[in-house]
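A quick write-up on the structure given underneath.
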Amino acid sequence: MTASEIRTKAIKGLIVVVVAIVVLAAGYLYAALSWSFSKGDRVGYVQKFSEKGWVCKTWEGELQMQPVPGAIPERFLFSVRDKAVVTKINSSLGKKISLTYEQHKGIPTTCFGETQYFIVDVRTVE
């Protein structure tokens, strides 16, 4: 085998490895964003809701929940990816709402949201 044949085989092998890594990373990201670890509802008042980020703009919010009258309120941090849900939340600010969420664990970057809780639906309670 000549040096150029060895170099060609090494480059082809490197390309195969790089393509395999990209395909595996894309598959992992698809699975992390598609399958939810848990689903549920949280009820309360939206304290903060804003679009954040330098490059990857995401909508991040904070829901103040009061489980029992007189108890210390809990905070629920959440992210929103759907523009229709953003509009619903913005139109219901100041009202008691129920947020339906899906928890996605293992998302490798904050480009998709800063939290692992993604809001999929909003209902006004009051």
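Ligands are numbered from 1 in the order shown, chains are lettered A, B, ... in the order of the structure tokens, and residues start at 1 in each chain.
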Assign secondary structure with DSSP using the backbone only, and return the residues of segment 15-74 of chain A in alpha helix (DSSP H) as an mmCIF file with C-alpha atoms, in the first residue's frame.
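Produced file selection.cif, reproduced below:
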data_model
loop_
_atom_site.group_PDB
_atom_site.id
_atom_site.type_symbol
_atom_site.label_atom_id
_atom_site.label_comp_id
_atom_site.auth_asym_id
_atom_site.auth_seq_id
_atom_site.Cartn_x
_atom_site.Cartn_y
_atom_site.Cartn_z
ATOM 1 C CA ILE A 15 -15.609 10.934 7.538
ATOM 2 C CA VAL A 16 -17.554 7.802 8.545
ATOM 3 C CA VAL A 17 -16.827 8.444 12.236
ATOM 4 C CA VAL A 18 -17.842 12.121 12.001
ATOM 5 C CA VAL A 19 -21.083 11.279 10.156
ATOM 6 C CA ALA A 20 -21.891 8.575 12.741
ATOM 7 C CA ILE A 21 -21.354 11.047 15.608
ATOM 8 C CA VAL A 22 -23.584 13.659 13.932
ATOM 9 C CA VAL A 23 -26.353 11.093 13.292
ATOM 10 C CA LEU A 24 -26.192 9.807 16.874
ATOM 11 C CA ALA A 25 -26.270 13.366 18.285
ATOM 12 C CA ALA A 26 -29.256 14.282 16.099
ATOM 13 C CA GLY A 27 -31.066 11.107 17.166
ATOM 14 C CA TYR A 28 -30.414 11.829 20.844
ATOM 15 C CA LEU A 29 -31.632 15.427 20.487
ATOM 16 C CA TYR A 30 -34.778 14.274 18.668
ATOM 17 C CA ALA A 31 -35.518 11.732 21.404
ATOM 18 C CA ALA A 32 -34.904 14.253 24.215
ATOM 19 C CA LEU A 33 -37.252 16.801 22.640
ATOM 20 C CA SER A 34 -39.948 14.334 21.526
#
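Surrounding segment 54-61 of chain A within 7 Å are Lys48, Phe49, Ser50, Glu51, Lys52, Leu63, Leu77, Phe78, Ser79, Val80, Arg81, Cys111, Phe112 and Gly113 of chain A, with only C-alpha atoms counted and residues fewer than 2 positions along the same chain left out.
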For the selection you just gave me, I'd like the residues written to a file as an mmCIF file, in the first residue's frame, keeping N, CA and C atoms.
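The result, stored in selection07.cif:
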data_model
loop_
_atom_site.group_PDB
_atom_site.id
_atom_site.type_symbol
_atom_site.label_atom_id
_atom_site.label_comp_id
_atom_site.auth_asym_id
_atom_site.auth_seq_id
_atom_site.Cartn_x
_atom_site.Cartn_y
_atom_site.Cartn_z
ATOM 1 N N LYS A 48 -43.125 36.290 36.154
ATOM 2 C CA LYS A 48 -42.215 36.804 35.133
ATOM 3 C C LYS A 48 -42.463 36.031 33.848
ATOM 4 N N PHE A 49 -42.341 36.726 32.729
ATOM 5 C CA PHE A 49 -42.436 36.052 31.440
ATOM 6 C C PHE A 49 -41.733 36.922 30.414
ATOM 7 N N SER A 50 -40.639 36.431 29.863
ATOM 8 C CA SER A 50 -39.867 37.246 28.924
ATOM 9 C C SER A 50 -39.107 36.371 27.943
ATOM 10 N N GLU A 51 -38.735 36.996 26.845
ATOM 11 C CA GLU A 51 -37.914 36.335 25.827
ATOM 12 C C GLU A 51 -36.463 36.606 26.177
ATOM 13 N N LYS A 52 -35.645 35.548 26.245
ATOM 14 C CA LYS A 52 -34.256 35.680 26.672
ATOM 15 C C LYS A 52 -33.312 35.063 25.652
ATOM 16 N N LEU A 63 -43.912 30.888 37.464
ATOM 17 C CA LEU A 63 -45.277 30.810 37.974
ATOM 18 C C LEU A 63 -45.214 30.768 39.493
ATOM 19 N N LEU A 77 -40.423 27.351 37.545
ATOM 20 C CA LEU A 77 -39.756 27.934 36.382
ATOM 21 C C LEU A 77 -40.083 27.097 35.152
ATOM 22 N N PHE A 78 -40.372 27.773 34.029
ATOM 23 C CA PHE A 78 -40.779 27.051 32.829
ATOM 24 C C PHE A 78 -40.262 27.728 31.573
ATOM 25 N N SER A 79 -40.294 26.982 30.471
ATOM 26 C CA SER A 79 -39.916 27.468 29.148
ATOM 27 C C SER A 79 -41.069 27.239 28.191
ATOM 28 N N VAL A 80 -41.135 28.057 27.138
ATOM 29 C CA VAL A 80 -42.188 27.921 26.128
ATOM 30 C C VAL A 80 -41.531 27.939 24.756
ATOM 31 N N ARG A 81 -41.868 26.961 23.916
ATOM 32 C CA ARG A 81 -41.338 26.900 22.547
ATOM 33 C C ARG A 81 -42.385 27.270 21.506
ATOM 34 N N CYS A 111 -30.402 26.244 24.218
ATOM 35 C CA CYS A 111 -30.977 26.834 23.000
ATOM 36 C C CYS A 111 -32.463 26.491 22.854
ATOM 37 N N PHE A 112 -32.912 25.412 23.474
ATOM 38 C CA PHE A 112 -34.307 24.992 23.374
ATOM 39 C C PHE A 112 -35.122 25.466 24.567
ATOM 40 N N GLY A 113 -34.474 25.924 25.600
ATOM 41 C CA GLY A 113 -35.136 26.409 26.809
ATOM 42 C C GLY A 113 -34.205 26.252 27.992
#
Exercise: Phe76 of chain A partners within 10 Å, only C-alpha atoms, chain neighbours under 3 positions left out, as an mmCIF file with N, CA and C atoms, in the first residue's frame:
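Ended up saving to selection21.cif:
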data_model
loop_
_atom_site.group_PDB
_atom_site.id
_atom_site.type_symbol
_atom_site.label_atom_id
_atom_site.label_comp_id
_atom_site.auth_asym_id
_atom_site.auth_seq_id
_atom_site.Cartn_x
_atom_site.Cartn_y
_atom_site.Cartn_z
ATOM 1 N N ARG A 42 -49.762 22.855 36.544
ATOM 2 C CA ARG A 42 -49.431 23.719 37.671
ATOM 3 C C ARG A 42 -50.368 24.919 37.602
ATOM 4 N N VAL A 43 -50.879 25.344 38.757
ATOM 5 C CA VAL A 43 -51.845 26.447 38.823
ATOM 6 C C VAL A 43 -51.250 27.565 39.653
ATOM 7 N N GLY A 44 -51.416 28.799 39.171
ATOM 8 C CA GLY A 44 -50.927 29.957 39.906
ATOM 9 C C GLY A 44 -50.967 31.204 39.052
ATOM 10 N N VAL A 46 -48.592 34.065 36.875
ATOM 11 C CA VAL A 46 -47.311 34.258 36.213
ATOM 12 C C VAL A 46 -46.644 35.499 36.809
ATOM 13 N N GLN A 47 -45.456 35.300 37.399
ATOM 14 C CA GLN A 47 -44.679 36.395 37.992
ATOM 15 C C GLN A 47 -43.841 37.087 36.933
ATOM 16 N N GLY A 61 -40.342 31.738 31.893
ATOM 17 C CA GLY A 61 -41.284 32.309 32.835
ATOM 18 C C GLY A 61 -41.178 31.712 34.212
ATOM 19 N N GLU A 62 -41.900 32.357 35.127
ATOM 20 C CA GLU A 62 -41.946 31.919 36.518
ATOM 21 C C GLU A 62 -43.397 31.999 36.983
ATOM 22 N N LEU A 63 -43.912 30.888 37.464
ATOM 23 C CA LEU A 63 -45.277 30.810 37.974
ATOM 24 C C LEU A 63 -45.214 30.768 39.493
ATOM 25 N N GLN A 64 -45.992 31.634 40.143
ATOM 26 C CA GLN A 64 -46.055 31.611 41.599
ATOM 27 C C GLN A 64 -47.269 30.787 41.998
ATOM 28 N N MET A 65 -47.004 29.700 42.735
ATOM 29 C CA MET A 65 -48.075 28.806 43.160
ATOM 30 C C MET A 65 -48.245 28.949 44.666
ATOM 31 N N PRO A 73 -45.502 30.790 49.125
ATOM 32 C CA PRO A 73 -45.659 30.438 47.702
ATOM 33 C C PRO A 73 -44.429 29.702 47.148
ATOM 34 N N THR A 115 -35.098 25.709 31.122
ATOM 35 C CA THR A 115 -35.574 24.735 32.095
ATOM 36 C C THR A 115 -35.901 23.430 31.381
ATOM 37 N N TYR A 117 -38.898 22.095 31.879
ATOM 38 C CA TYR A 117 -40.359 22.097 31.873
ATOM 39 C C TYR A 117 -40.853 22.977 30.725
#
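Here atom CA of Val122 of chain A and atom CA of Asp41 of chain A stand 9.3 Å from one another.
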Enumerate, as number ranges by chain, the complete set of residues in chain A that a backbone-based DSSP assignment places in strand (DSSP E). A: 38-52, 58-65, 74-80, 97-103, 117-124
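Nearest-residue note for Leu93 of chain A: choosing from A:Thr2, A:Glu126, A:Ala71, A:Gly40, the minimum distance belongs to A:Glu126, counting only C-alpha atoms.
Shortest separation to Thr100 of chain A among A:Gly70, A:Phe118, A:Ser36, A:Ala10 occurs at residue A:Phe118, atoms counted being only C-alpha atoms.
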Atom CA of Glu74 of chain A sits from atom CA of Glu102 of chain A at a separation of 18.6 Å
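Taking atom CA of Asn90 of chain A as the reference point, atom CA of Gly106 of chain A is found at 28.2 Å.
Closest approach to Thr124 of chain A from the set A:Arg75, A:Lys88, A:Lys96, A:His104 is made by A:Lys96, with distances taken over only C-alpha atoms.
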